[in-house]
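Below you'll find the structure, written out as structure tokens, and then a few comments.
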Amino acid sequence: MSVSYMTHPLIKHKITLLRKTTTGTNEFRKLIEEIAMLMGYEALADLPTADIEVSTPIEDTVQPVINGKKLAVVPILRAGLGMVNGILALVPSAKVGHIGLYRDPETHLPHEYYCKLPEAIDERQIVVVDPMLATGGSAVAAVDFIKARGGKKIKFMSVIAAPEGVSALMKAHPDIQLYVGCLDRCLNENAYICPGLGDAGDRIFGTQ
């Protein structure tokens, strides 16, 4: 089991701004992207490298580059879309897949309506992104779908999480690496994270 909680003051600062009811759609969207990039810098610290020969204006030298199949970023629709550009800013050549899930308002259980992953997914480092890890149901289902299609090397990134969601995800998939921007207190009776930041999808896209 591997869970990493972010401690960087820039991440903490930006998450606080996300929480404010006065933060508008444009600013919220930018903050999600910036936090994803900062978290991605930490989460991708173990990417494999290989040495290649390059010529500088001064001399020939051997230097490292990222090795292996291109990274796959897989947002859970729709809120996860807000985190994609933050990762692509770090690794512009990454491939992007999509998993569509919605949560039943009565049972809070996830239902799949779309899943499209890059080819050779079994050879790629996969980063699943969703701003909120609440009950963990959608996260568990998303990782289930990826594994069923051959994915093996999986990291999951969430801006805020409830203890219940962390526990559920790591119990179901103890082999993945989980990165959390901030661990919040609990879920309320409606399965919303407290203190949370509201509905991330609505705040990213300006919907109700």
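Chain labels A, B, ... are given in the sequence in which chains occur in the structure tokens; within each chain residues are numbered consecutively from 1, and ligands are likewise numbered from 1 in the order shown.
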
Discussion item. Report as number ranges by chain all protein, DNA and RNA residues lying within 10 Å of Leu187 of chain A, evaluated on only C-alpha atoms, omitting residues in the same chain fewer than 3 positions from it.
Written reply: A: 134-135, 161-165, 184, 190-196

Item to complete: Excluding Ile176 of chain A and residues on its chain fewer than 4 positions from it, collect all residues at most 8 Å away from it, counting only C-alpha atoms, and give them as a ChimeraX atom specification.
Response: /A:1-2,153-156,170

Neighbour list for Val65 of chain A as a CSV table (one decimal) with C-alpha atoms, in the first residue's frame, cut-off 9 Å, only C-alpha atoms, skip fewer than 6 positions in-chain:
```csv
chain,number,residue,atom,x,y,z
A,48,PRO,CA,12.3,5.5,-15.8
A,49,THR,CA,15.1,7.1,-17.8
A,50,ALA,CA,17.7,6.0,-20.3
A,51,ASP,CA,20.9,7.7,-21.4
A,52,ILE,CA,21.3,9.0,-24.9
```

Item to complete: For Thr16 of chain A, list every protein, DNA or RNA residue within 12 Å, evaluated using only C-alpha atoms, and leave out those in the same chain fewer than 2 positions away; present the list as a ChimeraX atom specification.
Response: /A:9-14,18-23,28,31-32,35,159-160,181-182,184,195-197

Can I get the selected residues back with N, CA and C atoms, as a short mmCIF file (atom, residue, chain, number, x, y, z; two decimals), in the first residue's frame?
```
data_model
loop_
_atom_site.label_atom_id
_atom_site.label_comp_id
_atom_site.auth_asym_id
_atom_site.auth_seq_id
_atom_site.Cartn_x
_atom_site.Cartn_y
_atom_site.Cartn_z
N PRO A 9 3.86 23.76 0.51
CA PRO A 9 3.01 24.91 0.87
C PRO A 9 2.25 25.51 -0.31
N LEU A 10 2.78 25.42 -1.52
CA LEU A 10 2.05 25.95 -2.68
C LEU A 10 0.78 25.15 -2.94
N ILE A 11 0.86 23.84 -2.76
CA ILE A 11 -0.33 23.00 -2.94
C ILE A 11 -1.36 23.32 -1.86
N LYS A 12 -0.91 23.43 -0.62
CA LYS A 12 -1.82 23.76 0.48
C LYS A 12 -2.51 25.10 0.23
N HIS A 13 -1.74 26.10 -0.18
CA HIS A 13 -2.27 27.44 -0.44
C HIS A 13 -3.34 27.41 -1.53
N LYS A 14 -3.04 26.72 -2.63
CA LYS A 14 -3.97 26.70 -3.76
C LYS A 14 -5.24 25.91 -3.43
N LEU A 18 -9.20 27.07 -3.56
CA LEU A 18 -10.25 26.27 -4.20
C LEU A 18 -11.50 26.18 -3.33
N ARG A 19 -11.30 26.07 -2.03
CA ARG A 19 -12.42 25.84 -1.12
C ARG A 19 -13.36 27.05 -1.03
N LYS A 20 -12.86 28.24 -1.24
CA LYS A 20 -13.63 29.46 -1.00
C LYS A 20 -14.83 29.56 -1.94
N THR A 21 -15.97 29.88 -1.38
CA THR A 21 -17.18 30.03 -2.19
C THR A 21 -17.06 31.20 -3.16
N THR A 22 -16.16 32.15 -2.85
CA THR A 22 -16.00 33.32 -3.70
C THR A 22 -15.07 33.08 -4.89
N THR A 23 -14.45 31.91 -4.96
CA THR A 23 -13.57 31.59 -6.10
C THR A 23 -14.43 31.25 -7.31
N PHE A 28 -11.05 28.91 -10.42
CA PHE A 28 -11.12 27.53 -9.93
C PHE A 28 -10.46 26.58 -10.93
N LEU A 31 -6.70 26.95 -10.87
CA LEU A 31 -6.13 26.38 -9.65
C LEU A 31 -6.05 24.86 -9.73
N ILE A 32 -7.11 24.22 -10.23
CA ILE A 32 -7.11 22.76 -10.38
C ILE A 32 -5.96 22.33 -11.28
N ILE A 35 -2.60 22.85 -9.42
CA ILE A 35 -2.40 21.84 -8.38
C ILE A 35 -2.04 20.50 -9.01
N VAL A 159 -7.12 15.72 -5.63
CA VAL A 159 -6.80 16.98 -4.95
C VAL A 159 -7.20 16.92 -3.48
N ILE A 160 -8.43 16.49 -3.20
CA ILE A 160 -8.85 16.29 -1.81
C ILE A 160 -9.48 14.91 -1.68
N GLY A 181 -3.78 15.54 -2.44
CA GLY A 181 -3.39 16.90 -2.12
C GLY A 181 -3.67 17.26 -0.68
N CYS A 182 -4.86 16.87 -0.18
CA CYS A 182 -5.24 17.15 1.21
C CYS A 182 -6.25 16.10 1.68
N ASP A 184 -9.20 15.37 3.92
CA ASP A 184 -10.23 16.08 4.68
C ASP A 184 -10.78 15.21 5.82
N PRO A 195 -14.32 19.36 5.10
CA PRO A 195 -15.03 20.56 4.65
C PRO A 195 -15.19 20.66 3.14
N GLY A 196 -14.36 19.97 2.38
CA GLY A 196 -14.55 19.87 0.94
C GLY A 196 -14.44 21.17 0.19
N LEU A 197 -15.00 21.15 -1.03
CA LEU A 197 -14.99 22.35 -1.87
C LEU A 197 -16.22 22.41 -2.77
#
```

Item to complete: Please measure the separation of atom CA of Pro118 of chain A and atom CA of Arg103 of chain A, giving the value in Å to one decimal.
Response: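 About the pair atom CA of Pro118 of chain A and atom CA of Arg103 of chain A: they are 24.5 Å apart.
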
I need the residues of chain A that end up classed as strand (DSSP E) by DSSP on the backbone, written out as a short mmCIF file (atom, residue, chain, number, x, y, z; two decimals) with N, CA, C and O atoms, in the first residue's frame.
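Saved file states.cif follows:
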```cif
data_model
loop_
_atom_site.label_atom_id
_atom_site.label_comp_id
_atom_site.auth_asym_id
_atom_site.auth_seq_id
_atom_site.Cartn_x
_atom_site.Cartn_y
_atom_site.Cartn_z
N SER A 2 0.58 2.19 -0.90
CA SER A 2 1.38 3.40 -1.00
C SER A 2 0.46 4.62 -1.13
O SER A 2 -0.20 4.79 -2.16
N VAL A 3 0.40 5.42 -0.08
CA VAL A 3 -0.39 6.65 -0.10
C VAL A 3 0.55 7.81 0.24
O VAL A 3 1.22 7.77 1.27
N SER A 4 0.58 8.82 -0.63
CA SER A 4 1.42 10.00 -0.39
C SER A 4 0.52 11.22 -0.24
O SER A 4 -0.30 11.51 -1.12
N TYR A 5 0.69 11.93 0.88
CA TYR A 5 -0.07 13.16 1.12
C TYR A 5 0.86 14.34 0.88
O TYR A 5 1.97 14.40 1.41
N THR A 49 14.29 6.35 -16.81
CA THR A 49 15.07 7.12 -17.78
C THR A 49 16.10 6.23 -18.45
O THR A 49 16.43 5.15 -17.96
N ALA A 50 16.59 6.68 -19.59
CA ALA A 50 17.67 6.01 -20.31
C ALA A 50 18.63 7.08 -20.82
O ALA A 50 18.20 8.20 -21.14
N ASP A 51 19.89 6.76 -20.91
CA ASP A 51 20.89 7.71 -21.38
C ASP A 51 20.98 7.70 -22.90
O ASP A 51 20.94 6.64 -23.53
N ILE A 52 21.06 8.90 -23.47
CA ILE A 52 21.26 9.03 -24.91
C ILE A 52 22.41 10.00 -25.17
O ILE A 52 22.78 10.80 -24.31
N GLU A 53 22.97 9.92 -26.36
CA GLU A 53 24.03 10.84 -26.76
C GLU A 53 23.42 12.09 -27.36
O GLU A 53 22.53 12.02 -28.19
N VAL A 54 23.88 13.25 -26.90
CA VAL A 54 23.44 14.53 -27.45
C VAL A 54 24.65 15.42 -27.67
O VAL A 54 25.70 15.25 -27.03
N SER A 55 24.49 16.35 -28.59
CA SER A 55 25.56 17.31 -28.86
C SER A 55 25.12 18.67 -28.37
O SER A 55 24.09 19.21 -28.81
N ASP A 60 29.99 16.78 -27.23
CA ASP A 60 29.10 15.63 -27.18
C ASP A 60 29.05 15.10 -25.75
O ASP A 60 30.05 15.09 -25.03
N THR A 61 27.84 14.65 -25.34
CA THR A 61 27.68 14.18 -23.97
C THR A 61 26.60 13.11 -23.91
O THR A 61 25.83 12.93 -24.87
N VAL A 62 26.51 12.39 -22.82
CA VAL A 62 25.48 11.39 -22.59
C VAL A 62 24.59 11.89 -21.46
O VAL A 62 25.08 12.19 -20.36
N GLN A 63 23.27 11.99 -21.73
CA GLN A 63 22.34 12.57 -20.77
C GLN A 63 21.04 11.76 -20.72
O GLN A 63 20.71 11.07 -21.70
N PRO A 64 20.28 11.85 -19.61
CA PRO A 64 19.06 11.02 -19.47
C PRO A 64 17.83 11.64 -20.12
O PRO A 64 17.66 12.86 -20.16
N VAL A 65 16.96 10.76 -20.64
CA VAL A 65 15.63 11.13 -21.12
C VAL A 65 14.64 10.10 -20.59
O VAL A 65 15.02 9.00 -20.20
N ILE A 66 13.36 10.47 -20.55
CA ILE A 66 12.33 9.52 -20.11
C ILE A 66 12.29 8.34 -21.06
O ILE A 66 12.33 8.50 -22.28
N ALA A 72 0.27 7.56 -19.86
CA ALA A 72 -1.16 7.65 -20.14
C ALA A 72 -1.84 8.37 -18.99
O ALA A 72 -1.73 7.96 -17.84
N VAL A 73 -2.52 9.47 -19.30
CA VAL A 73 -3.30 10.20 -18.32
C VAL A 73 -4.77 9.85 -18.55
O VAL A 73 -5.26 9.96 -19.67
N VAL A 74 -5.46 9.41 -17.49
CA VAL A 74 -6.84 8.97 -17.63
C VAL A 74 -7.72 9.71 -16.63
O VAL A 74 -7.78 9.36 -15.45
N PRO A 75 -8.40 10.77 -17.09
CA PRO A 75 -9.33 11.47 -16.19
C PRO A 75 -10.64 10.71 -16.04
O PRO A 75 -11.11 10.07 -16.99
N ILE A 76 -11.20 10.76 -14.83
CA ILE A 76 -12.56 10.27 -14.62
C ILE A 76 -13.49 11.43 -14.95
O ILE A 76 -13.41 12.51 -14.32
N LEU A 77 -14.34 11.24 -15.96
CA LEU A 77 -15.21 12.33 -16.41
C LEU A 77 -16.27 12.63 -15.36
O LEU A 77 -16.72 11.75 -14.65
N LYS A 95 -0.24 10.27 -23.66
CA LYS A 95 -1.52 9.93 -24.28
C LYS A 95 -2.63 10.15 -23.25
O LYS A 95 -2.39 10.08 -22.04
N VAL A 96 -3.84 10.40 -23.73
CA VAL A 96 -4.96 10.68 -22.83
C VAL A 96 -6.11 9.72 -23.12
O VAL A 96 -6.57 9.61 -24.26
N HIS A 98 -10.05 8.23 -21.38
CA HIS A 98 -11.18 8.79 -20.64
C HIS A 98 -12.02 7.67 -20.05
O HIS A 98 -12.25 6.64 -20.70
N ILE A 99 -12.47 7.86 -18.81
CA ILE A 99 -13.43 6.96 -18.20
C ILE A 99 -14.62 7.78 -17.73
O ILE A 99 -14.46 8.74 -16.98
N GLY A 100 -15.79 7.40 -18.20
CA GLY A 100 -17.01 8.10 -17.83
C GLY A 100 -17.78 7.34 -16.78
O GLY A 100 -18.18 6.19 -17.01
N LEU A 101 -17.99 7.95 -15.63
CA LEU A 101 -18.75 7.35 -14.54
C LEU A 101 -19.72 8.39 -14.00
O LEU A 101 -19.43 9.59 -13.99
N TYR A 102 -20.87 7.94 -13.55
CA TYR A 102 -21.74 8.84 -12.80
C TYR A 102 -22.18 8.13 -11.52
O TYR A 102 -22.23 6.90 -11.47
N ARG A 103 -22.44 8.92 -10.49
CA ARG A 103 -22.81 8.36 -9.20
C ARG A 103 -24.32 8.40 -9.01
O ARG A 103 -24.93 9.45 -9.14
N PRO A 110 -21.18 3.86 -8.39
CA PRO A 110 -20.78 4.36 -9.71
C PRO A 110 -21.34 3.50 -10.84
O PRO A 110 -21.50 2.28 -10.70
N HIS A 111 -21.64 4.14 -11.96
CA HIS A 111 -22.08 3.45 -13.17
C HIS A 111 -21.23 3.94 -14.33
O HIS A 111 -21.05 5.13 -14.53
N GLU A 112 -20.70 3.00 -15.13
CA GLU A 112 -19.86 3.35 -16.27
C GLU A 112 -20.72 3.68 -17.48
O GLU A 112 -21.70 3.00 -17.76
N TYR A 113 -20.36 4.75 -18.21
CA TYR A 113 -21.02 5.02 -19.48
C TYR A 113 -20.02 5.20 -20.61
O TYR A 113 -20.42 5.28 -21.78
N TYR A 114 -18.71 5.23 -20.29
CA TYR A 114 -17.71 5.40 -21.36
C TYR A 114 -16.34 4.97 -20.85
O TYR A 114 -15.98 5.26 -19.69
N CYS A 115 -15.57 4.28 -21.68
CA CYS A 115 -14.19 3.93 -21.34
C CYS A 115 -13.39 3.80 -22.62
O CYS A 115 -13.66 2.92 -23.45
N LYS A 116 -12.43 4.68 -22.81
CA LYS A 116 -11.56 4.67 -23.98
C LYS A 116 -10.13 4.91 -23.51
O LYS A 116 -9.83 5.96 -22.93
N GLN A 125 2.86 3.69 -18.05
CA GLN A 125 2.58 4.20 -16.71
C GLN A 125 1.28 4.99 -16.81
O GLN A 125 1.17 5.90 -17.64
N ILE A 126 0.29 4.64 -16.01
CA ILE A 126 -1.03 5.26 -16.09
C ILE A 126 -1.25 6.15 -14.87
O ILE A 126 -1.01 5.73 -13.73
N VAL A 127 -1.72 7.37 -15.12
CA VAL A 127 -2.07 8.28 -14.04
C VAL A 127 -3.55 8.59 -14.15
O VAL A 127 -3.99 9.27 -15.09
N VAL A 128 -4.34 8.08 -13.21
CA VAL A 128 -5.77 8.35 -13.17
C VAL A 128 -5.98 9.61 -12.34
O VAL A 128 -5.40 9.75 -11.25
N VAL A 129 -6.78 10.54 -12.85
CA VAL A 129 -6.98 11.81 -12.14
C VAL A 129 -8.45 12.09 -11.90
O VAL A 129 -9.30 11.89 -12.77
N MET A 132 -11.64 14.77 -6.64
CA MET A 132 -12.21 14.40 -5.35
C MET A 132 -12.30 12.88 -5.20
O MET A 132 -12.79 12.19 -6.08
N LEU A 133 -11.83 12.39 -4.06
CA LEU A 133 -11.94 10.98 -3.70
C LEU A 133 -12.84 10.91 -2.48
O LEU A 133 -12.40 11.13 -1.36
N LYS A 153 0.59 -0.64 -14.33
CA LYS A 153 1.31 0.37 -13.54
C LYS A 153 0.40 1.59 -13.38
O LYS A 153 0.27 2.41 -14.28
N ILE A 154 -0.25 1.69 -12.22
CA ILE A 154 -1.30 2.69 -12.04
C ILE A 154 -1.01 3.59 -10.85
O ILE A 154 -0.70 3.12 -9.75
N LYS A 155 -1.09 4.89 -11.09
CA LYS A 155 -1.06 5.90 -10.03
C LYS A 155 -2.41 6.61 -10.05
O LYS A 155 -3.01 6.78 -11.12
N PHE A 156 -2.87 7.05 -8.90
CA PHE A 156 -4.14 7.78 -8.80
C PHE A 156 -3.87 9.09 -8.10
O PHE A 156 -3.24 9.12 -7.03
N MET A 157 -4.33 10.20 -8.69
CA MET A 157 -4.13 11.52 -8.12
C MET A 157 -5.46 12.18 -7.80
O MET A 157 -6.34 12.23 -8.66
N SER A 158 -5.60 12.68 -6.57
CA SER A 158 -6.82 13.36 -6.16
C SER A 158 -6.45 14.61 -5.36
O SER A 158 -5.56 14.55 -4.50
N VAL A 159 -7.12 15.72 -5.63
CA VAL A 159 -6.80 16.98 -4.95
C VAL A 159 -7.20 16.92 -3.48
O VAL A 159 -6.42 17.26 -2.59
N ILE A 160 -8.43 16.49 -3.20
CA ILE A 160 -8.85 16.29 -1.81
C ILE A 160 -9.48 14.91 -1.68
O ILE A 160 -10.02 14.37 -2.66
N ALA A 161 -9.40 14.35 -0.48
CA ALA A 161 -9.93 13.01 -0.26
C ALA A 161 -10.52 12.90 1.13
O ALA A 161 -10.09 13.59 2.06
N GLN A 177 -0.40 3.32 -6.53
CA GLN A 177 0.14 4.44 -5.76
C GLN A 177 -0.89 5.57 -5.76
O GLN A 177 -1.35 5.99 -6.82
N LEU A 178 -1.25 6.05 -4.58
CA LEU A 178 -2.25 7.10 -4.43
C LEU A 178 -1.58 8.38 -3.96
O LEU A 178 -0.79 8.36 -3.00
N TYR A 179 -1.89 9.49 -4.63
CA TYR A 179 -1.37 10.81 -4.27
C TYR A 179 -2.54 11.73 -3.94
O TYR A 179 -3.45 11.89 -4.76
N VAL A 180 -2.52 12.30 -2.74
CA VAL A 180 -3.63 13.13 -2.26
C VAL A 180 -3.11 14.51 -1.91
O VAL A 180 -2.14 14.65 -1.16
N GLY A 181 -3.78 15.54 -2.44
CA GLY A 181 -3.39 16.90 -2.12
C GLY A 181 -3.67 17.26 -0.68
O GLY A 181 -2.86 17.88 0.00
N CYS A 182 -4.86 16.87 -0.18
CA CYS A 182 -5.24 17.15 1.21
C CYS A 182 -6.25 16.10 1.68
O CYS A 182 -7.22 15.82 0.96
N LEU A 183 -6.01 15.53 2.84
CA LEU A 183 -6.95 14.59 3.43
C LEU A 183 -7.93 15.37 4.31
O LEU A 183 -7.54 15.95 5.33
N CYS A 186 -14.09 14.00 6.80
CA CYS A 186 -15.03 12.88 6.70
C CYS A 186 -16.02 13.14 5.57
O CYS A 186 -15.96 14.17 4.89
N LEU A 187 -16.93 12.19 5.37
CA LEU A 187 -18.07 12.36 4.48
C LEU A 187 -19.31 12.71 5.30
O LEU A 187 -19.48 12.22 6.42
N ILE A 193 -17.60 15.37 0.72
CA ILE A 193 -16.42 15.54 1.56
C ILE A 193 -16.56 16.80 2.41
O ILE A 193 -16.95 17.85 1.91
N CYS A 194 -16.21 16.69 3.69
CA CYS A 194 -16.23 17.82 4.62
C CYS A 194 -14.80 18.11 5.12
O CYS A 194 -14.11 17.18 5.53
#
```

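Ranking A:Asp199, A:Asp144, A:Glu119, A:Glu189 by their shortest atom-to-atom distance to His173 of chain A, with only C-alpha atoms included, puts A:Asp144 first.
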